[in-house]
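Undergrad: Before anything else, here's the structure in question.
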Amino acid sequence: MKSNQKKVYVFMLVLLLFGCFWMIYNIHYLKIKQLDPAYPLIIDVSASVEGYLSVKNLLITYIIPLLLFYRFFIEDEHPHIMVRLTSRIDMYRRRTIQVFISSFIFAFIILWIHFAAVFLFDRFHFVSSDLWKLSLLNLALMTCIYFSIGMLYYFIFDYSNSIIAIAATFCICFLLYVMKSQLNMAWGPASDANVIDPFLSTGITGYQSLILFGKELSLSLVMILLGLFAIEKKDFMFGVSDD
């Protein structure tokens, strides 16, 4: 069982990691802000094309840390855990809840770092914008997206091993990014990874929020059903180990 103390250490490490990421990606804009206090820092540091919250980072750069994060926060399928559960469905429900919670924590860290940094370095535009509303919506969307990625990872894992699952999941995420950046396909998860940038200036309606959330929630439900199918077919005689 994953110890709570180890989870706290991992949480703090990831928090520090993304704090460093934010500073690295935005140090140039901070220098501009020092020279021009009226400069709207919030616009450039929230960009989805490049930077800390870019779609490339959210769907490619941060995916390996996300999958490793799951390894620390989600219990392995060891025999002493499995014998306490009455069915495959019980085990699947337990793992699905853990994937959801881990996805929420990971997305929360990314957005909390951004939220806190904008509050610290650009308080005027922070107050005058709807950043907190957009951050909450983005948190819901990123949780769904990362949850779907986590369910995809375990779907592949149930038929292979952790190395193959990580490699395949990363390749699929890379493909989603290419579909968005090169083919301009607006219906995939890549389009909803960062909604702070497109709606920061124009604002967002409740209807738009429901449409965006509905899309990602539907994808999450599909991944849950696929994972349920996989767990029913899994041979646990060969699937107990992580590798």
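Labels for the structure tokens follow display order: chains A, B, ..., residues from 1 in each chain, ligands from 1.
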What are the closest atom pairs, with distances in Å to one decimal, for all residues of stretch 47-112 of chain A lying within 12 Å of stretch 213-233 of chain A? Consider only C-alpha atoms, order rows by chain and residue number, and present the result as a tab-separated table.
TA:
```
residue	atom	partner	partner_atom	distance
A:Glu77	CA	A:Ile231	CA	11.9
A:Ser87	CA	A:Glu232	CA	10.0
A:Arg88	CA	A:Ile231	CA	6.8
A:Ile89	CA	A:Leu228	CA	7.7
A:Asp90	CA	A:Ile231	CA	10.6
A:Met91	CA	A:Ile231	CA	8.9
A:Tyr92	CA	A:Ile231	CA	7.0
A:Arg93	CA	A:Leu228	CA	9.1
A:Arg95	CA	A:Gly227	CA	10.4
A:Thr96	CA	A:Ile224	CA	7.8
A:Ile97	CA	A:Ile224	CA	10.7
A:Val99	CA	A:Ile224	CA	10.8
A:Phe100	CA	A:Ser220	CA	9.9
A:Ser103	CA	A:Ser220	CA	11.8
```
Undergrad: Go through stretch 168-240 of chain A and flag each residue having an atom no more than 12 Å from stretch 116-128 of chain A; for those, report the closest pair of atoms plus their distance in Å to one decimal, using only C-alpha atoms, ordered by chain and rising number, as a Markdown table.
TA:
```
| residue | atom | partner | partner_atom | distance |
| --- | --- | --- | --- | --- |
| A:Leu200 | CA | A:Phe126 | CA | 10.5 |
| A:Ser201 | CA | A:Ser128 | CA | 10.6 |
| A:Gly203 | CA | A:Ser128 | CA | 11.8 |
```
Undergrad: Tell me which protein, DNA and RNA residues are within 10 Å of stretch 4-9 of chain A, counting only C-alpha atoms, leaving out same-chain ones fewer than 6 positions away, and put them as a PyMOL selection string.
TA: chain A and resi 15+69+72-74
Undergrad: A:Val14: which residues within 10 Å, counting only C-alpha atoms, same-chain residues fewer than 2 positions away excluded, as a ChimeraX atom specification?
TA: /A:8-12,16-20,65-66,69,106,109-110
Undergrad: Restrict the selected residues to C-alpha atoms and save them as a PDB file, in the first residue's frame.
TA:
```pdb
ATOM      1  CA  VAL A   8       2.935  13.862   0.648  1.00  0.00           C
ATOM      2  CA  TYR A   9       6.581  13.816  -0.436  1.00  0.00           C
ATOM      3  CA  VAL A  10       5.598  13.173  -4.052  1.00  0.00           C
ATOM      4  CA  PHE A  11       2.961  15.925  -3.890  1.00  0.00           C
ATOM      5  CA  MET A  12       5.534  18.423  -2.619  1.00  0.00           C
ATOM      6  CA  LEU A  16       8.183  22.238  -6.656  1.00  0.00           C
ATOM      7  CA  LEU A  17       8.681  20.830 -10.154  1.00  0.00           C
ATOM      8  CA  PHE A  18       5.815  22.814 -11.654  1.00  0.00           C
ATOM      9  CA  GLY A  19       6.806  25.898  -9.699  1.00  0.00           C
ATOM     10  CA  CYS A  20      10.190  25.686 -11.432  1.00  0.00           C
ATOM     11  CA  PRO A  65       5.291  13.067 -14.969  1.00  0.00           C
ATOM     12  CA  LEU A  66       1.540  12.354 -14.877  1.00  0.00           C
ATOM     13  CA  PHE A  69       2.520  10.279 -10.573  1.00  0.00           C
ATOM     14  CA  PHE A 106      -2.128  16.625 -10.732  1.00  0.00           C
ATOM     15  CA  ILE A 109      -1.089  21.454  -8.900  1.00  0.00           C
ATOM     16  CA  ILE A 110      -0.544  22.740 -12.449  1.00  0.00           C
TER      17      ILE A 110
END
```
Undergrad: Go ahead and compute the interatomic distance for atom CA of A:Ile113 and atom CA of A:Trp22, in Å to one decimal.
TA: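 Computing the Euclidean distance for atom CA of A:Ile113 and atom CA of A:Trp22 yields 7.5 Å.
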Undergrad: Report, in Å to a single decimal, how far apart atom CA of A:Val55 and atom CA of A:Tyr29 are.
TA: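 Result for atom CA of A:Tyr29 versus atom CA of A:Val55: 18.9 Å, one decimal.
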Undergrad: Please run DSSP on the backbone and report, as a ChimeraX atom specification, all residues within stretch 30-221 of chain A that come out as alpha helix (DSSP H).
TA: /A:30-35,41-45,55-56,63-73,79-82,88-121,123-128,131-157,162-181,196-199,206-221
Undergrad: Can you pull out every residue within 10 Å of A:Ala168, counting only C-alpha atoms, but drop anything in the same chain fewer than 4 positions away, and send it as a ChimeraX atom specification?
TA: /A:152-153,156-157,162-164,172-174
Undergrad: I need the chosen residues saved as a compact mmCIF listing (two decimals), in the first residue's frame, with N, CA and C atoms.
TA:
```
# COMPACT_ATOMS: atom_id res chain seq x y z
N LEU A 152 -6.83 5.30 -20.19
CA LEU A 152 -6.19 4.76 -21.38
C LEU A 152 -4.92 4.01 -21.02
N TYR A 153 -4.13 4.61 -20.14
CA TYR A 153 -2.89 3.96 -19.69
C TYR A 153 -3.18 2.60 -19.07
N ILE A 156 -4.33 -0.09 -21.61
CA ILE A 156 -3.19 -0.70 -22.31
C ILE A 156 -2.40 -1.59 -21.34
N PHE A 157 -2.24 -1.11 -20.11
CA PHE A 157 -1.50 -1.86 -19.10
C PHE A 157 -2.12 -3.22 -18.83
N SER A 162 3.81 -2.06 -17.84
CA SER A 162 3.89 -0.61 -17.58
C SER A 162 4.71 0.13 -18.62
N ILE A 163 5.80 -0.47 -19.10
CA ILE A 163 6.67 0.21 -20.07
C ILE A 163 5.94 0.41 -21.39
N ILE A 164 5.29 -0.64 -21.87
CA ILE A 164 4.53 -0.53 -23.11
C ILE A 164 3.38 0.45 -22.95
N ILE A 172 0.00 8.27 -28.17
CA ILE A 172 -1.37 8.69 -28.46
C ILE A 172 -1.58 10.16 -28.10
N CYS A 173 -1.03 10.58 -26.97
CA CYS A 173 -1.12 12.00 -26.58
C CYS A 173 -0.39 12.89 -27.58
N PHE A 174 0.75 12.41 -28.05
CA PHE A 174 1.49 13.16 -29.08
C PHE A 174 0.66 13.28 -30.35
```
Undergrad: For each of A:Tyr159, A:Tyr52, A:Leu131, A:Tyr207, take the minimum atom-to-atom distance to A:Val195, counting only C-alpha atoms, then give the residue where this is smallest.
TA: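 Going through A:Tyr159, A:Tyr52, A:Leu131, A:Tyr207 one by one, the smallest distance to A:Val195 is for A:Leu131.
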Undergrad: Do you have the atom CA of A:His28-atom CA of A:Lys56 distance handy?
TA: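 Between atom CA of A:His28 and atom CA of A:Lys56 the gap works out to 19.1 Å.
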Undergrad: Using only C-alpha atoms, which of the listed residues (A:Met142, A:Ala47, A:Met151, A:Ile64) sits closest to A:Ala167?
TA: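 Smallest separation from A:Ala167 among the options: A:Ile64.
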Undergrad: Given only C-alpha atoms as the basis, pick out the residue of A:Leu136, A:Leu111, A:Val45, A:Ile60 nearest to A:Leu175.
TA: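 Comparing A:Leu136, A:Leu111, A:Val45, A:Ile60 against A:Leu175, the winner is A:Ile60.
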Undergrad: Just the residues within 9 Å of A:Leu139, please, counting only C-alpha atoms, with nothing from its chain fewer than 4 positions along; format it as a list of chain:residue names.
TA: A:Phe104, A:Ala107, A:Phe108, A:Leu111, A:Leu134, A:Ser135, A:Thr143, A:Cys144
